[in-house]
Amino acid sequence: MNTETDVSAQTMFTETVIGRQNRYIENVVKIFFLFMTCLMILPLLLIIGYLLYKALPVLSFDFLFTNPKDNMRAGGIWAPFLGTIYLVVVSLLVAAPIGVFASVYLNEYARDNWFTRIVNLAVVNLAGVPSIVHALFGVGAFVLFSGMGESILAASLTLAIMTLPVIIASTTEALKAVPMSFREACWNMGATRWQTIRRIVLPNSISGILTGVILQVSRAAGETAPIMFTGAVFFKPIAEGNFLAYNIFDQCMALSLHLYTISTQVPDVAEGIPYATAIVLVGSVLLVNAASIILRVYLRTRKRW
Amino acid sequence: METNNFSIETENLSLWYGDFQALMDVSVKIPDGKITGLIGPSGCGKTTLLRCFNRVNERYGNVTTKGEIKILGKNIYDSDISLLELRKTVGMVFQRPNPLPISVYENILFGLRIHSQFRSLTRTQSDEIVEEALTSVFLWDDLKDKLKTRATSLQLEQQQKLCIARLLPLKPQIILMDEPCSALDSEGTLAVEELMSVLAGQYTFLIVTHNMAQARRISDECIYMFLGELIEHRETQALFETPEHPKTADYVQMRYG
């Protein structure tokens, strides 16, 4: 072995200039992306931290379970809190079955033809309609035309129409995640589509479907525009601590609208109250989201393929 | 079946996916109780032809079929045909083992459960059926203590045998196989082949394969297809050793160099 090959063997895997440049760029890019990810988390932490800091003096168990007092300058948020629960639950009761079953039809039964294409187009466009337009439609269709008046029912139906496209989209995604080979196996043993759906497709997609539905809670709970003209009112005290205090043909208060009112329409509100209201709104939404994550994790432990 | 020696007969069968013609005037007779191989380059319509025989093609969307298919002497496009009954009689095994994501036990019973009244199977009956089905595919000894495990967690070879076993309780006459060994290692391939040759006679097998050696090993008759046309159909040995059609010769000899 001569010295020449010895030298080249020693420098064989050392870094070249271009290699160093590439490594440098690689690091810069990675740190940049990490930075952007942190930027994404930062606002959430800041918002919640700021809200908590401002709200802590007011937040208490009583705050949740007493009505607003003194022209909403003091007291709690029982009436709007319960109102929001009613609106969300009723709207989900309407939107979830329609959305899920429609999506099952589109995915499992429908062939690719002009009808399904129109339906899919409609779903996409429905998702793009601004919420104030939904509100206007709600006033026309439910409040006036159907004669429901301004009521929890009318407001919930408006919310339901608004959440439908997203429920359909998330259900579709959950169904698509079930491998086609399972369906093929069933069909080739002479299973009907319904038997395939009930025994194989649904049990393996239910976690995704439920998650999608539950995530809609956050959207429905936060909306103000669609309920403003269709059923939510500025002020309406109800029996404190009674979960059945509303009738769905009544009007109700709602957290989102209440927050807007006490922040902008009422002078001299105690400083902590709007923040505490916001915390309850955000907190309930986060709680529901957390519940959906737990549910998904639980259901996922039972499926594997 | 006594008077009829062919399980499957087609007469000028043509099939289109939308505008694309995937099968052209295929006329074929598949003998009873034998293993028939179906070979040809990718995209020549082997799988399409296979899927015609239990009419499952129709589930894949825009399909038009012309011509006649007789299964066990009965035209399966007659108006009194129940597709669900047809698919009981004509079972299918796929390229990738696709056991359902339920227990081994329930996989075997799945076919029976969907075809019988709710809760009409007693526990002892179903136990017997499962044992019998698993025994006939040589899985009983391996799996008798694992009946409750999820079928999707088995080894691939076991999964594929299970996919064959779950057809048996439905008492099929014909088993269609779409490259059943392409996902298996050589040991698994041999095991499945051995299983097929044991079961042949009781069932008619039609097997699509890309593996020429396999076609040669296990099939009694062999069909060569090219671009949607049936080129040659003869006894396997004759097809491989003295192909009549030049296209067959090209294909068979190219692979064998």
# chains A, B, ... in the order shown; residues from 1 in each chain; ligands from 1
$ residues_around --residues "segment 164-167 of chain A" --least-positions-apart "5" --cutoff "7 Å" --atoms "only C-alpha atoms" --output "mmCIF file with C-alpha atoms, in the first residue's frame"
data_model
loop_
_atom_site.group_PDB
_atom_site.id
_atom_site.type_symbol
_atom_site.label_atom_id
_atom_site.label_comp_id
_atom_site.auth_asym_id
_atom_site.auth_seq_id
_atom_site.Cartn_x
_atom_site.Cartn_y
_atom_site.Cartn_z
ATOM 1 C CA ALA A 95 -76.824 18.280 12.968
ATOM 2 C CA ALA A 96 -75.059 15.101 14.118
ATOM 3 C CA GLY A 99 -74.470 14.928 8.969
ATOM 4 C CA VAL A 100 -73.291 11.449 9.917
ATOM 5 C CA VAL A 123 -71.380 20.810 1.284
ATOM 6 C CA VAL A 124 -68.207 22.662 0.388
ATOM 7 C CA LEU A 126 -72.244 25.595 2.726
ATOM 8 C CA ALA A 127 -69.039 25.552 4.756
ATOM 9 C CA GLY A 212 -65.508 15.330 14.567
ATOM 10 C CA VAL A 213 -68.964 15.785 16.018
#
$ interface_residues --of "chain A" --to "chain B" --cutoff "9 Å" --atoms "only C-alpha atoms" --output "compact mmCIF listing (two decimals) with C-alpha atoms, in the first residue's frame"
# COMPACT_ATOMS: atom_id res chain seq x y z
CA ARG A 111 -71.81 6.18 -6.88
CA ASP A 112 -69.86 8.96 -8.47
CA SER A 181 -60.04 -4.32 1.76
CA PHE A 182 -62.38 -4.82 4.73
CA ARG A 183 -65.32 -3.80 2.61
CA GLU A 184 -64.17 -6.06 -0.22
CA ALA A 185 -63.91 -8.98 2.17
CA CYS A 186 -67.48 -8.43 3.34
CA TRP A 187 -68.97 -7.91 -0.12
CA ASN A 188 -67.33 -11.03 -1.42
CA MET A 189 -68.99 -13.07 1.29
CA GLY A 190 -72.34 -11.69 0.22
CA ALA A 191 -72.74 -9.05 2.90
CA THR A 192 -75.07 -6.20 2.03
CA GLN A 195 -74.17 -5.35 7.10
CA ILE A 200 -67.11 -3.45 10.14
CA ASN A 204 -63.76 1.05 13.13
CA LYS A 303 -59.20 -1.14 17.35
CA ARG A 304 -56.11 -2.34 15.59
CA TRP A 305 -55.37 -3.67 12.13
$ closest_residue --among "B:Val137, B:Leu147, B:Ile39, B:Ala165" --to "Thr248 of chain B" --atoms "only C-alpha atoms"
B:Ile39
$ select_by_dssp --residues "segment 129-258 of chain A" --states "alpha helix (DSSP H)" --output "PyMOL selection string"
chain A and resi 131-138+152-176+180-187+193-196+202-222+225-228+255-258
$ write_last_selection --atoms "C-alpha atoms" --output "PDB file, in the first residue's frame"
ATOM      1  CA  SER A 131     -72.151  33.071   9.693  1.00  0.00           C
ATOM      2  CA  ILE A 132     -74.061  36.338   9.459  1.00  0.00           C
ATOM      3  CA  VAL A 133     -75.629  35.021   6.252  1.00  0.00           C
ATOM      4  CA  HIS A 134     -76.667  31.884   8.109  1.00  0.00           C
ATOM      5  CA  ALA A 135     -78.237  34.206  10.683  1.00  0.00           C
ATOM      6  CA  LEU A 136     -80.227  35.988   8.029  1.00  0.00           C
ATOM      7  CA  PHE A 137     -81.399  32.673   6.587  1.00  0.00           C
ATOM      8  CA  GLY A 138     -82.343  31.531  10.093  1.00  0.00           C
ATOM      9  CA  ILE A 152     -83.801  28.345  21.273  1.00  0.00           C
ATOM     10  CA  LEU A 153     -85.136  26.001  18.590  1.00  0.00           C
ATOM     11  CA  ALA A 154     -84.762  28.526  15.776  1.00  0.00           C
ATOM     12  CA  ALA A 155     -81.280  29.528  16.928  1.00  0.00           C
ATOM     13  CA  SER A 156     -80.197  25.890  17.304  1.00  0.00           C
ATOM     14  CA  LEU A 157     -81.435  25.003  13.844  1.00  0.00           C
ATOM     15  CA  THR A 158     -79.468  27.909  12.424  1.00  0.00           C
ATOM     16  CA  LEU A 159     -76.376  26.695  14.262  1.00  0.00           C
ATOM     17  CA  ALA A 160     -77.058  23.162  13.047  1.00  0.00           C
ATOM     18  CA  ILE A 161     -77.063  24.236   9.410  1.00  0.00           C
ATOM     19  CA  MET A 162     -73.818  26.034  10.031  1.00  0.00           C
ATOM     20  CA  THR A 163     -72.074  23.029  11.602  1.00  0.00           C
ATOM     21  CA  LEU A 164     -73.441  20.408   9.172  1.00  0.00           C
ATOM     22  CA  PRO A 165     -70.781  20.695   6.457  1.00  0.00           C
ATOM     23  CA  VAL A 166     -67.960  20.271   8.925  1.00  0.00           C
ATOM     24  CA  ILE A 167     -69.568  17.225  10.503  1.00  0.00           C
ATOM     25  CA  ILE A 168     -70.012  15.732   7.038  1.00  0.00           C
ATOM     26  CA  ALA A 169     -66.384  16.438   6.189  1.00  0.00           C
ATOM     27  CA  SER A 170     -64.990  14.926   9.377  1.00  0.00           C
ATOM     28  CA  THR A 171     -67.236  11.856   9.135  1.00  0.00           C
ATOM     29  CA  THR A 172     -66.177  11.343   5.538  1.00  0.00           C
ATOM     30  CA  GLU A 173     -62.570  11.422   6.612  1.00  0.00           C
ATOM     31  CA  ALA A 174     -63.196   8.874   9.367  1.00  0.00           C
ATOM     32  CA  LEU A 175     -64.985   6.529   6.950  1.00  0.00           C
ATOM     33  CA  LYS A 176     -62.272   6.847   4.319  1.00  0.00           C
ATOM     34  CA  MET A 180     -61.228  -0.713   1.373  1.00  0.00           C
ATOM     35  CA  SER A 181     -60.043  -4.322   1.756  1.00  0.00           C
ATOM     36  CA  PHE A 182     -62.377  -4.822   4.732  1.00  0.00           C
ATOM     37  CA  ARG A 183     -65.324  -3.798   2.605  1.00  0.00           C
ATOM     38  CA  GLU A 184     -64.169  -6.065  -0.224  1.00  0.00           C
ATOM     39  CA  ALA A 185     -63.910  -8.980   2.169  1.00  0.00           C
ATOM     40  CA  CYS A 186     -67.477  -8.429   3.336  1.00  0.00           C
ATOM     41  CA  TRP A 187     -68.969  -7.907  -0.116  1.00  0.00           C
ATOM     42  CA  ARG A 193     -73.742  -2.705   2.296  1.00  0.00           C
ATOM     43  CA  TRP A 194     -75.625  -2.176   5.533  1.00  0.00           C
ATOM     44  CA  GLN A 195     -74.170  -5.345   7.095  1.00  0.00           C
ATOM     45  CA  THR A 196     -70.724  -4.167   6.040  1.00  0.00           C
ATOM     46  CA  LEU A 202     -68.847   1.882  11.816  1.00  0.00           C
ATOM     47  CA  PRO A 203     -67.086   0.062  14.680  1.00  0.00           C
ATOM     48  CA  ASN A 204     -63.762   1.049  13.128  1.00  0.00           C
ATOM     49  CA  SER A 205     -64.589   4.651  12.394  1.00  0.00           C
ATOM     50  CA  ILE A 206     -66.766   5.592  15.339  1.00  0.00           C
ATOM     51  CA  SER A 207     -63.920   7.270  17.222  1.00  0.00           C
ATOM     52  CA  GLY A 208     -63.144   9.563  14.313  1.00  0.00           C
ATOM     53  CA  ILE A 209     -66.809  10.314  13.744  1.00  0.00           C
ATOM     54  CA  LEU A 210     -67.456  11.184  17.390  1.00  0.00           C
ATOM     55  CA  THR A 211     -64.377  13.362  17.569  1.00  0.00           C
ATOM     56  CA  GLY A 212     -65.508  15.330  14.567  1.00  0.00           C
ATOM     57  CA  VAL A 213     -68.964  15.785  16.018  1.00  0.00           C
ATOM     58  CA  ILE A 214     -67.698  16.843  19.431  1.00  0.00           C
ATOM     59  CA  LEU A 215     -65.285  19.347  17.949  1.00  0.00           C
ATOM     60  CA  GLN A 216     -68.297  21.107  16.497  1.00  0.00           C
ATOM     61  CA  VAL A 217     -69.323  21.989  20.040  1.00  0.00           C
ATOM     62  CA  SER A 218     -66.569  24.566  20.155  1.00  0.00           C
ATOM     63  CA  ARG A 219     -67.739  26.144  16.958  1.00  0.00           C
ATOM     64  CA  ALA A 220     -71.397  26.239  17.948  1.00  0.00           C
ATOM     65  CA  ALA A 221     -70.642  27.547  21.429  1.00  0.00           C
ATOM     66  CA  GLY A 222     -68.556  30.449  20.191  1.00  0.00           C
ATOM     67  CA  ALA A 225     -73.978  36.163  14.742  1.00  0.00           C
ATOM     68  CA  PRO A 226     -76.277  33.208  13.930  1.00  0.00           C
ATOM     69  CA  ILE A 227     -78.018  33.345  17.310  1.00  0.00           C
ATOM     70  CA  MET A 228     -78.278  37.111  17.695  1.00  0.00           C
ATOM     71  CA  LEU A 255     -72.310  33.308  26.673  1.00  0.00           C
ATOM     72  CA  SER A 256     -70.946  34.718  23.450  1.00  0.00           C
ATOM     73  CA  LEU A 257     -73.621  37.368  23.135  1.00  0.00           C
ATOM     74  CA  HIS A 258     -73.441  38.132  26.865  1.00  0.00           C
TER      75      HIS A 258
END
$ atom_distance --atom1 "atom CA of Arg199 of chain A" --atom2 "atom CA of Glu106 of chain B"
10.9 Å
$ residues_around --residues "Tyr275 of chain A" --least-positions-apart "6" --cutoff "9 Å" --atoms "only C-alpha atoms" --output "short mmCIF file (atom, residue, chain, number, x, y, z; two decimals) with N, CA and C atoms, in the first residue's frame"
data_model
loop_
_atom_site.label_atom_id
_atom_site.label_comp_id
_atom_site.auth_asym_id
_atom_site.auth_seq_id
_atom_site.Cartn_x
_atom_site.Cartn_y
_atom_site.Cartn_z
N TYR A 50 -53.63 35.69 30.15
CA TYR A 50 -54.14 37.04 30.40
C TYR A 50 -55.55 36.97 30.96
N LEU A 51 -56.39 36.12 30.32
CA LEU A 51 -57.77 35.98 30.78
C LEU A 51 -57.80 35.51 32.23
N LEU A 52 -57.00 34.49 32.52
CA LEU A 52 -57.01 33.93 33.87
C LEU A 52 -56.58 34.98 34.89
N TYR A 53 -55.54 35.72 34.56
CA TYR A 53 -55.02 36.74 35.45
C TYR A 53 -56.08 37.77 35.78
N LYS A 54 -56.81 38.21 34.76
CA LYS A 54 -57.84 39.22 34.96
C LYS A 54 -59.07 38.65 35.65
N ALA A 55 -59.32 37.36 35.42
CA ALA A 55 -60.60 36.79 35.86
C ALA A 55 -60.55 36.22 37.27
N LEU A 56 -59.37 35.86 37.72
CA LEU A 56 -59.26 35.12 38.97
C LEU A 56 -60.00 35.75 40.16
N VAL A 58 -62.72 37.21 40.27
CA VAL A 58 -64.18 37.05 40.16
C VAL A 58 -64.61 35.59 40.11
N LEU A 259 -71.07 38.16 26.54
CA LEU A 259 -69.73 38.72 26.60
C LEU A 259 -69.65 40.00 25.77
#
$ residues_around --residues "segment 5-17 of chain B" --least-positions-apart "3" --cutoff "7 Å" --atoms "only C-alpha atoms" --output "PyMOL selection string"
chain B and resi 1+20-32+62-72
$ closest_residue --among "A:Met72, A:Arg198, A:Ser151, A:Asn289" --to "Val104 of chain A" --atoms "only C-alpha atoms"
A:Arg198
$ select_by_dssp --residues "segment 20-166 of chain B" --states "strand (DSSP E)" --output "VMD selection string"
chain B and resid 20 to 31 35 to 39 63 to 71 74 to 75 90 to 93
$ write_last_selection --atoms "C-alpha atoms" --output "compact mmCIF listing (two decimals), in the first residue's frame"
# COMPACT_ATOMS: atom_id res chain seq x y z
CA PHE B 20 -62.15 1.56 -21.51
CA GLN B 21 -62.71 -2.00 -22.67
CA ALA B 22 -61.06 -4.34 -20.19
CA LEU B 23 -62.35 -7.67 -21.53
CA MET B 24 -62.91 -8.56 -25.17
CA ASP B 25 -65.11 -11.45 -26.21
CA VAL B 26 -63.83 -13.86 -23.61
CA SER B 27 -65.25 -17.35 -23.96
CA VAL B 28 -63.94 -19.81 -21.45
CA LYS B 29 -64.90 -23.01 -19.67
CA ILE B 30 -63.47 -23.71 -16.25
CA PRO B 31 -63.58 -27.39 -15.29
CA ILE B 35 -57.25 -25.75 -10.24
CA THR B 36 -57.17 -23.39 -13.18
CA GLY B 37 -54.42 -20.80 -13.43
CA LEU B 38 -54.85 -17.38 -14.99
CA ILE B 39 -51.64 -15.76 -16.17
CA VAL B 63 -68.97 -0.99 -15.25
CA THR B 64 -70.79 -2.31 -18.32
CA THR B 65 -70.86 -6.02 -19.08
CA LYS B 66 -71.97 -7.83 -22.24
CA GLY B 67 -72.15 -11.53 -22.92
CA GLU B 68 -73.07 -14.51 -20.85
CA ILE B 69 -71.65 -16.00 -17.66
CA LYS B 70 -72.90 -19.32 -16.37
CA ILE B 71 -71.92 -20.48 -12.92
CA LYS B 74 -76.98 -21.03 -14.27
CA ASN B 75 -76.78 -17.68 -16.04
CA VAL B 90 -68.42 -18.14 -5.31
CA GLY B 91 -65.88 -17.09 -2.70
CA MET B 92 -62.90 -14.83 -3.22
CA VAL B 93 -59.41 -14.64 -1.71
$ atom_distance --atom1 "atom CA of Gly83 of chain A" --atom2 "atom CA of Tyr246 of chain A"
7.6 Å
$ closest_residue --among "A:Ala291, A:Ala79, A:Val143, A:Ala74" --to "Ala270 of chain A" --atoms "only C-alpha atoms"
A:Ala74
$ residues_around --residues "Phe226 of chain B" --least-positions-apart "3" --cutoff "6 Å" --atoms "only C-alpha atoms" --output "list in words"
Gly40, Cys44 and Glu229 of chain B
$ closest_residue --among "B:Leu199, B:Leu121, B:Lys34, B:Ile164" --to "Glu235 of chain B" --atoms "only C-alpha atoms"
B:Lys34
